[in-house]
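Worksheet: one structure, shown below.
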4 protein chains.
Amino acid sequence: MPDPFTPRPEDKFSFGLWTVSNRGRDPFGEAVREPLSPADAAAMLGEVGAWGVNLHDNDLVPIDATPAERDRLVKEFAAACRRHGLVVPMATVNLFYDPVFRDGAFTSNDRTVRAYAVQKTMRAMDIGAELGATIFVLWGGREGTETDACRRPDEAIKRLREAVNYLCEYSIDRKYGFRFALEAKPNEPRGDIYMATTGAYLGFIPTLQHPDLVGVNPEVAHEQMAGLNFLHAVAQAWEAGKLFHIDLNDQVSGRYDQDFRFGSANVKSAFFLVKFLEDVGYDGPRHFDAHAYRTENYDGVKDFARGCMRTYLILRERARRWNQDREIQGLLADQLPNGAAPYSHAHRDALLGRTFDRAALASKPLSYERLDQLTMEVLLGLR
Amino acid sequence: MPDPFTPRPEDKFSFGLWTVSNRGRDPFGEAVREPLSPADAAAMLGEVGAWGVNLHDNDLVPIDATPAERDRLVKEFAAACRRHGLVVPMATVNLFYDPVFRDGAFTSNDRTVRAYAVQKTMRAMDIGAELGATIFVLWGGREGTETDACRRPDEAIKRLREAVNYLCEYSIDRKYGFRFALEAKPNEPRGDIYMATTGAYLGFIPTLQHPDLVGVNPEVAHEQMAGLNFLHAVAQAWEAGKLFHIDLNDQVSGRYDQDFRFGSANVKSAFFLVKFLEDVGYDGPRHFDAHAYRTENYDGVKDFARGCMRTYLILRERARRWNQDREIQGLLADQLPNGAAPYSHAHRDALLGRTFDRAALASKPLSYERLDQLTMEVLLGLR
Amino acid sequence: MPDPFTPRPEDKFSFGLWTVSNRGRDPFGEAVREPLSPADAAAMLGEVGAWGVNLHDNDLVPIDATPAERDRLVKEFAAACRRHGLVVPMATVNLFYDPVFRDGAFTSNDRTVRAYAVQKTMRAMDIGAELGATIFVLWGGREGTETDACRRPDEAIKRLREAVNYLCEYSIDRKYGFRFALEAKPNEPRGDIYMATTGAYLGFIPTLQHPDLVGVNPEVAHEQMAGLNFLHAVAQAWEAGKLFHIDLNDQVSGRYDQDFRFGSANVKSAFFLVKFLEDVGYDGPRHFDAHAYRTENYDGVKDFARGCMRTYLILRERARRWNQDREIQGLLADQLPNGAAPYSHAHRDALLGRTFDRAALASKPLSYERLDQLTMEVLLGLR
Amino acid sequence: MPDPFTPRPEDKFSFGLWTVSNRGRDPFGEAVREPLSPADAAAMLGEVGAWGVNLHDNDLVPIDATPAERDRLVKEFAAACRRHGLVVPMATVNLFYDPVFRDGAFTSNDRTVRAYAVQKTMRAMDIGAELGATIFVLWGGREGTETDACRRPDEAIKRLREAVNYLCEYSIDRKYGFRFALEAKPNEPRGDIYMATTGAYLGFIPTLQHPDLVGVNPEVAHEQMAGLNFLHAVAQAWEAGKLFHIDLNDQVSGRYDQDFRFGSANVKSAFFLVKFLEDVGYDGPRHFDAHAYRTENYDGVKDFARGCMRTYLILRERARRWNQDREIQGLLADQLPNGAAPYSHAHRDALLGRTFDRAALASKPLSYERLDQLTMEVLLGLR
């Protein structure tokens, strides 16, 4: 009997090139793993059973590459992906590593830096399109402040809007067909990053010229850093038709960006998330934006990548059991369907005239302790 | 010479009836202050120099009052406000205190509870309109979960939308002219509250039937509980034309809801906030949603209320100094105005063809350490 | 076959009287459950299979009871405990509910309040001793500040020391044989509570007159509120011989005090904790200091109490599997035993003269990603 | 008239060599500043008016330096310090940067790594002693875990104790006269670091062979990361006679390690800290363990260093005003001195027999809102 937790292409598991190639450098320590070439990373992802690989422009093409080098590198990587059975569903741009972005990219006070950031993104879109990507992620890692003395934050929002509007035009113009997915983060590497939450981006998108082209890319760690309920953010994005991409990993609240293996820090939250994605029929990539512990060598990186996918599949199977559990479903049966009547004078008067028995309503048993304990027991494999 | 930090009506300082009447009860302790009647609270607010007083329906009218009692209480309170020179700029509804709301109001799984919550809000709107309020705040304190097993969060959002749509119709129908201000909070009293941040509401509003009638009511403590930069949330709301109201208080991050005196926990954040509100010309109420320490008697409550307003005025004066400080303005002078060119083929080609000197851009001095130190010295009264 | 997760007396599961009697009142809402008498609470605990019940003085005896009432209540409760097969392993004192303690008890600025707090504790010790308790917990819920202007914190520490020293003398004098367990908490209900962490109390204890009588009572929620690793705190206490008691519950970091059902918020942390307690042979009470969601009636409270014990037993079984898992043990096998040589001139010179191959040491595989994934799979019931 | 906020040697302001030499590298970005040699760093510190400079072994001597290089570098640095009027009050050891320490140093599972860590520390002590340092800081940046599966935490504590005991012996043996200052941190770069708080170290020290030689080095950012009140930790250390050193900087709670300029994130906390250090007569170094924003060049680094010292001096002056403010002192006057009577039968009986008027005690005005508002106004320069 085959292992039910073996990843298959239809699971749409993808990894960033930067995730398996992460060398374990941190603010207090040097890299612990040797560089891994894009081709070797693709080979590793093929070996562990991934479906897709995503990348920043500079994961593949150095920031100072010549056009010829760029063309060669993209071509070779496309070949490596074919060789290892990988697609490139998403591309993005690195607007945070180079010192030129030390005070932001699209929101920099320096108009020339802003122009450079837009140019760099256009070129990253070219690379993504050439590799077949249809989703373009924008994460503004340096768009923020250590002191709010440096810039009015509403000014930053205006600049960000200009940039995104321009890039939408470029995508339309070039017929790239990109859907942009905006990724929020509250802080790190800046003291505070603008557009701190997925919600903030959901509020920003309707103010754009092409709101239909733009959605969000929520990341587990980024919401959980701020102690927010990730499922709730994902559900809002989904309900608004804006869940264009998702970044799966794990994170303990109130800490530095940890990017842990999916499900390894808060497996209950991960369970509810997987259940939601499967229940609603999300069919985009399941992208793991995480990296292996700094204690690992490249064998450990493979363990890490396999663990991300395996845990997702385990939780998916648990979600199915939860949906089929009679006691659980019995506890949920009281939930009446939605669908309030629309406003009318008749309805208004009826509602205002209605008498409610507060005490009776307050005394109906809800049994959420039992429901949650049963959920835990499904999760722990006891039901 | 008059004290420059004495509140005046044009400062538009308002307090919730519940703030000065707060009796200091908490999860671990009994009330420390005797009940304060609405009329006595109005007298106190008049005495300390407030301009306005806001209220929940049940701050004034008990949940089980008869219509006659309700009318009398509203009338008496209106008289008390006139007597003490107070306006009622904002009203709201209590959908969290009574056990009927133990699992939510608009988002409850129980359709009857949802209907009751809408009815109760309509009646609260009646009270608010009768008292002259033009802003109606909705804070969904119980709209949330302790376990996400109990409800799909997208279902909760749909229910919330239905309720807000209905209430907008009611306001239009009755010609109340309310502007609704939605107030976010990440958690407490629920494990997680839906619509955790101001950003989430900014994303929700465009999905409503009357988005023009609906804005936000950001609260310092609610964003800071999650460690988010409050100024950034306010600026996004302002830039989107959605800053309909604001709740001023203070809070240490990552803790229970503290509702401290304005400026008492993080005076630098409070400074940037006041500076922003004054710089952009926000002309709505400056509402203090805070309460005195549990160590205080009602004299201490007055000290608390006076302190909120006084600190605001001190920070406003500091913001003026900051704007006039030559060295500070010199450091900011490099900020070029915004205004990128719109997309065109010519602009696209020019931008793609442009060469950027990254090293030169990265080496321009920014002097933000100096700028922030000067800001601190303005704040501390040294410049 | 009997359910392996049924609690038995030898499991030493205890609950605070205040936990199952919690009425669901919170800062934003009224009580949702009717009062439960101590005798009824004992009956409920007997029914669900608990071994012990703990109490604050005022859980049983009102603060203003006469001596005769006090005697009757204690006697009746002792009888109820016998009737329901419960022991009273631990007692404590309520120094936080009454307004007299609004600014602290042992550390109050008011010497009379301090004296009263000591007297009240002595009487609570009398009650505890009468009921057979051998552990006396001290939690200083109001020992703290909202503003550090009010008191020098070193002064507070001195006052706290005086009180604990006095109470040790009283226990010795009365031959009560109490072991005192000090319970830390970082904040709530005070802005900051003195002795914020278990570590702080471990540092305080050696400065007492009778350090041997005093240990700690770490609580899951209290360390996790501050985002600290609870296991590490417990391990330090255990290693120092100071783990006199433990409070089990659960809590999301960076939030109000939630006191959730054990294992329901972070089941992985709960697993490591149970594994540690079982591995080291901790034989004190497993005390659940938690309460049911506010959505529950008393049937839900029973579900809650059963769930706490059941989850503990499930995790204990999983810990056994982990200890017996060959692959896991194989990954751990490289851990050499401890036992460095003591300092000597010969050892010193040998050590200073030794050459280390850093690169070789850094390249040994550690396989912690694999180890953690296997741990997750044991936890999820897959191994 | 001289500027009252100019640093003088008697202020004992010191900086780590690593602080002004920090190049602004972070997990998401490359270095923004060129390397600064130790001699140039010393020159810069002399120029801005610092009194002392501290260092890790590898700030000065590369990890693979030959003994001859090491001797030359130490000698040259001593000369540079003399040239720029700097003392070296403290030295420390880098046990976190090299990949050999990826899973800890003193607590590593690998006995050889542990031995190397001790050897490296002994050599760092040699350097420190040669430069005149009398305080030796130990910060165990890698002593921790990402998964608690890897090691029993009590085992880690035992290993740590062995190492510290050995190093104490070495200091005694060599007649170095070091006082060791242990520095706690809750997380980053490890998921969880052992000995997460200053309190944990205060509990650890009494279990050592030479507790008198060992104290703590609390760091503002490290306690504030966990949302803890830094003043309370410092006060406990001071009261226990264990405040051997202090690391001043600033930090927003619940975030990555920010190491901001002193007083720039939470100036009120900084005020109470400075007030405490000055009030109690702390006469050790005021060490700034912070670094300039990544937006800065080396002129900005000087601004940063000057700002740290200047803010300290401003707050010291404010603390003096606070101590002399009559209204403030009037509000504090009710604080009766400490000094409870020792335990005796007579005192016991008197105390048990005493009657307390709880209502009267609870109704005494405390005026902490007023006190805190006055404190804010002293801080803001208005009194």
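FYI, nothing fancy with the structure tokens labels: chains A, B, ... in order, residues from 1 per chain, ligands from 1 as they appear.
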Chain A contacts on chain C, only C-alpha atoms, 6 Å, as a short mmCIF file (atom, residue, chain, number, x, y, z; two decimals) with C-alpha atoms, in the first residue's frame:
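What ended up in iface-v2.cif:
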```
data_model
loop_
_atom_site.label_atom_id
_atom_site.label_comp_id
_atom_site.auth_asym_id
_atom_site.auth_seq_id
_atom_site.Cartn_x
_atom_site.Cartn_y
_atom_site.Cartn_z
CA GLY C 300 -19.41 22.19 29.48
CA ASP C 303 -16.23 18.52 29.51
CA PHE C 304 -13.49 21.02 30.19
CA SER C 367 19.27 15.79 12.07
CA GLU C 369 14.60 18.60 11.48
CA ARG C 370 14.10 14.86 11.20
CA LEU C 380 -0.14 13.08 15.93
CA GLY C 381 -0.45 9.37 16.54
#
```
Inset, instruction - To one decimal in Å, tell me the separation between atom CA of Thr145 of chain B and atom CA of Ala360 of chain A. - result: 21.3 Å
Inset, instruction - Can you work out the spacing between atom CA of Arg179 of chain A and atom CA of Ala200 of chain B in Å, to one decimal? - result: 21.1 Å
Inset, instruction - Determine, counting only C-alpha atoms, which protein, DNA and RNA residues have an atom within 7 Å of an atom of segment 99-111 of chain A; residues of the same chain fewer than 4 positions away are not included. Present the result as a PyMOL selection string. - result: (chain A and resi 95+115+117+142-144+156+159-160+163) or (chain B and resi 335-336+358-359+361-362) or (chain D and resi 30+32+294-295)
Inset, instruction - Compile the contact shell of Trp51 of chain A as a ChimeraX atom specification: residues with an atom at most 6 Å away, counting only C-alpha atoms, same-chain residues fewer than 3 positions apart removed. - result: /A:9,12-14,86
Any chance you can output those residues with all heavy atoms as a PDB file, in the first residue's frame?
```pdb
ATOM      1  N   PRO A   9       1.916  15.678  -7.701  1.00  0.00           N
ATOM      2  CA  PRO A   9       1.844  16.975  -8.400  1.00  0.00           C
ATOM      3  C   PRO A   9       0.533  17.703  -8.139  1.00  0.00           C
ATOM      4  O   PRO A   9       0.522  18.928  -7.964  1.00  0.00           O
ATOM      5  CB  PRO A   9       1.985  16.587  -9.871  1.00  0.00           C
ATOM      6  CG  PRO A   9       2.738  15.299  -9.859  1.00  0.00           C
ATOM      7  CD  PRO A   9       2.318  14.581  -8.606  1.00  0.00           C
ATOM      8  N   LYS A  12       0.144  20.396  -5.565  1.00  0.00           N
ATOM      9  CA  LYS A  12       0.669  21.749  -5.850  1.00  0.00           C
ATOM     10  C   LYS A  12       1.559  22.299  -4.742  1.00  0.00           C
ATOM     11  O   LYS A  12       1.374  23.441  -4.288  1.00  0.00           O
ATOM     12  CB  LYS A  12      -0.497  22.724  -6.119  1.00  0.00           C
ATOM     13  CG  LYS A  12      -1.246  22.405  -7.412  1.00  0.00           C
ATOM     14  CD  LYS A  12      -2.110  23.575  -7.812  1.00  0.00           C
ATOM     15  CE  LYS A  12      -2.788  23.334  -9.158  1.00  0.00           C
ATOM     16  NZ  LYS A  12      -3.804  24.367  -9.441  1.00  0.00           N
ATOM     17  N   PHE A  13       2.510  21.471  -4.325  1.00  0.00           N
ATOM     18  CA  PHE A  13       3.470  21.943  -3.311  1.00  0.00           C
ATOM     19  C   PHE A  13       4.629  22.647  -4.001  1.00  0.00           C
ATOM     20  O   PHE A  13       5.289  22.075  -4.871  1.00  0.00           O
ATOM     21  CB  PHE A  13       4.022  20.766  -2.502  1.00  0.00           C
ATOM     22  CG  PHE A  13       3.008  20.143  -1.590  1.00  0.00           C
ATOM     23  CD1 PHE A  13       2.836  18.764  -1.562  1.00  0.00           C
ATOM     24  CD2 PHE A  13       2.237  20.919  -0.734  1.00  0.00           C
ATOM     25  CE1 PHE A  13       1.913  18.181  -0.706  1.00  0.00           C
ATOM     26  CE2 PHE A  13       1.305  20.332   0.128  1.00  0.00           C
ATOM     27  CZ  PHE A  13       1.140  18.958   0.142  1.00  0.00           C
ATOM     28  N   SER A  14       4.879  23.868  -3.621  1.00  0.00           N
ATOM     29  CA  SER A  14       6.011  24.598  -4.193  1.00  0.00           C
ATOM     30  C   SER A  14       6.892  25.154  -3.074  1.00  0.00           C
ATOM     31  O   SER A  14       6.452  25.299  -1.935  1.00  0.00           O
ATOM     32  CB  SER A  14       5.506  25.730  -5.091  1.00  0.00           C
ATOM     33  OG  SER A  14       4.731  26.646  -4.354  1.00  0.00           O
ATOM     34  N   LEU A  86       9.600  20.256 -12.615  1.00  0.00           N
ATOM     35  CA  LEU A  86       9.086  21.364 -11.809  1.00  0.00           C
ATOM     36  C   LEU A  86       8.472  22.455 -12.669  1.00  0.00           C
ATOM     37  O   LEU A  86       8.997  22.771 -13.743  1.00  0.00           O
ATOM     38  CB  LEU A  86      10.235  21.996 -11.003  1.00  0.00           C
ATOM     39  CG  LEU A  86      10.896  21.134  -9.949  1.00  0.00           C
ATOM     40  CD1 LEU A  86      12.193  21.793  -9.482  1.00  0.00           C
ATOM     41  CD2 LEU A  86       9.957  20.930  -8.765  1.00  0.00           C
TER      42      LEU A  86
END
```
Legend entry - Sel. of strand (DSSP E or B) residues, segment 104-224 of chain D, as number ranges by chain: D: 135-139, 144-145, 179-183, 192-193, 214-216, 219
Write a file of the just-selected residues containing N, CA, C and O atoms, as a PDB file, in the first residue's frame.
```pdb
ATOM      1  N   ILE D 135      35.545  43.042  34.523  1.00  0.00           N
ATOM      2  CA  ILE D 135      34.244  42.394  34.400  1.00  0.00           C
ATOM      3  C   ILE D 135      34.286  41.507  33.164  1.00  0.00           C
ATOM      4  O   ILE D 135      34.780  41.920  32.112  1.00  0.00           O
ATOM      5  N   PHE D 136      33.782  40.277  33.318  1.00  0.00           N
ATOM      6  CA  PHE D 136      33.735  39.382  32.166  1.00  0.00           C
ATOM      7  C   PHE D 136      32.287  38.949  31.957  1.00  0.00           C
ATOM      8  O   PHE D 136      31.676  38.322  32.822  1.00  0.00           O
ATOM      9  N   VAL D 137      31.755  39.325  30.804  1.00  0.00           N
ATOM     10  CA  VAL D 137      30.359  39.010  30.488  1.00  0.00           C
ATOM     11  C   VAL D 137      30.268  37.680  29.756  1.00  0.00           C
ATOM     12  O   VAL D 137      31.094  37.370  28.897  1.00  0.00           O
ATOM     13  N   LEU D 138      29.264  36.898  30.114  1.00  0.00           N
ATOM     14  CA  LEU D 138      28.962  35.670  29.372  1.00  0.00           C
ATOM     15  C   LEU D 138      27.539  35.747  28.849  1.00  0.00           C
ATOM     16  O   LEU D 138      26.584  35.782  29.629  1.00  0.00           O
ATOM     17  N   TRP D 139      27.432  35.784  27.525  1.00  0.00           N
ATOM     18  CA  TRP D 139      26.114  35.730  26.895  1.00  0.00           C
ATOM     19  C   TRP D 139      26.038  34.470  26.038  1.00  0.00           C
ATOM     20  O   TRP D 139      26.797  34.313  25.092  1.00  0.00           O
ATOM     21  N   GLY D 144      20.579  27.067  23.347  1.00  0.00           N
ATOM     22  CA  GLY D 144      19.127  26.961  23.287  1.00  0.00           C
ATOM     23  C   GLY D 144      18.695  25.937  22.265  1.00  0.00           C
ATOM     24  O   GLY D 144      19.462  25.042  21.907  1.00  0.00           O
ATOM     25  N   THR D 145      17.459  26.072  21.812  1.00  0.00           N
ATOM     26  CA  THR D 145      16.892  25.060  20.925  1.00  0.00           C
ATOM     27  C   THR D 145      15.913  25.682  19.948  1.00  0.00           C
ATOM     28  O   THR D 145      15.359  26.747  20.195  1.00  0.00           O
ATOM     29  N   ARG D 179      34.946  39.650  37.818  1.00  0.00           N
ATOM     30  CA  ARG D 179      33.573  39.411  38.234  1.00  0.00           C
ATOM     31  C   ARG D 179      32.806  39.041  36.964  1.00  0.00           C
ATOM     32  O   ARG D 179      32.822  39.808  35.985  1.00  0.00           O
ATOM     33  N   PHE D 180      32.162  37.888  36.996  1.00  0.00           N
ATOM     34  CA  PHE D 180      31.426  37.423  35.819  1.00  0.00           C
ATOM     35  C   PHE D 180      30.011  37.994  35.830  1.00  0.00           C
ATOM     36  O   PHE D 180      29.336  37.967  36.869  1.00  0.00           O
ATOM     37  N   ALA D 181      29.581  38.452  34.684  1.00  0.00           N
ATOM     38  CA  ALA D 181      28.215  38.994  34.571  1.00  0.00           C
ATOM     39  C   ALA D 181      27.491  38.197  33.496  1.00  0.00           C
ATOM     40  O   ALA D 181      27.861  38.241  32.325  1.00  0.00           O
ATOM     41  N   LEU D 182      26.467  37.463  33.927  1.00  0.00           N
ATOM     42  CA  LEU D 182      25.731  36.582  33.020  1.00  0.00           C
ATOM     43  C   LEU D 182      24.581  37.351  32.375  1.00  0.00           C
ATOM     44  O   LEU D 182      23.824  38.031  33.071  1.00  0.00           O
ATOM     45  N   GLU D 183      24.449  37.203  31.090  1.00  0.00           N
ATOM     46  CA  GLU D 183      23.491  37.999  30.326  1.00  0.00           C
ATOM     47  C   GLU D 183      22.409  37.102  29.738  1.00  0.00           C
ATOM     48  O   GLU D 183      22.686  36.201  28.952  1.00  0.00           O
ATOM     49  N   ASP D 192      14.430  29.290  21.297  1.00  0.00           N
ATOM     50  CA  ASP D 192      14.392  29.638  22.726  1.00  0.00           C
ATOM     51  C   ASP D 192      15.806  29.522  23.257  1.00  0.00           C
ATOM     52  O   ASP D 192      16.492  28.528  22.981  1.00  0.00           O
ATOM     53  N   ILE D 193      16.203  30.500  24.033  1.00  0.00           N
ATOM     54  CA  ILE D 193      17.531  30.457  24.656  1.00  0.00           C
ATOM     55  C   ILE D 193      17.345  30.048  26.119  1.00  0.00           C
ATOM     56  O   ILE D 193      16.409  30.496  26.780  1.00  0.00           O
ATOM     57  N   VAL D 214      29.965  35.825  40.735  1.00  0.00           N
ATOM     58  CA  VAL D 214      29.088  35.837  39.567  1.00  0.00           C
ATOM     59  C   VAL D 214      27.845  36.695  39.823  1.00  0.00           C
ATOM     60  O   VAL D 214      27.184  36.559  40.855  1.00  0.00           O
ATOM     61  N   GLY D 215      27.580  37.565  38.875  1.00  0.00           N
ATOM     62  CA  GLY D 215      26.384  38.402  38.914  1.00  0.00           C
ATOM     63  C   GLY D 215      25.739  38.417  37.541  1.00  0.00           C
ATOM     64  O   GLY D 215      25.918  37.486  36.764  1.00  0.00           O
ATOM     65  N   VAL D 216      25.002  39.473  37.276  1.00  0.00           N
ATOM     66  CA  VAL D 216      24.273  39.531  36.002  1.00  0.00           C
ATOM     67  C   VAL D 216      24.582  40.806  35.220  1.00  0.00           C
ATOM     68  O   VAL D 216      25.073  41.795  35.776  1.00  0.00           O
ATOM     69  N   GLU D 219      20.127  43.366  30.046  1.00  0.00           N
ATOM     70  CA  GLU D 219      20.087  44.231  28.859  1.00  0.00           C
ATOM     71  C   GLU D 219      18.656  44.668  28.603  1.00  0.00           C
ATOM     72  O   GLU D 219      17.748  43.842  28.534  1.00  0.00           O
TER      73      GLU D 219
END
```
Inset, instruction - Write out as JSON, numbers by chain each polymer residue whose atoms come within 10 Å of Thr134 of chain C, counting only C-alpha atoms; drop sequence neighbours fewer than 3 positions from it. - result: {"C": [88, 89, 90, 91, 125, 128, 129, 131, 137, 176, 177, 178, 179, 180]}
Inset, instruction - Go through segment 22-243 of chain A and collect every residue that DSSP, computed from the backbone, puts in helix (DSSP H, G or I); the answer should be as number ranges by chain. - result: A: 38-48, 57-60, 67-83, 99-101, 111-130, 148-150, 153-173, 198-207, 211-213, 220-225, 230-239
Inset, instruction - Record the distance separating atom CA of Val20 of chain A and atom CA of Ala290 of chain A, expressed in Å with one decimal. - result: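 Going from atom CA of Val20 of chain A over to atom CA of Ala290 of chain A covers 8.2 Å.
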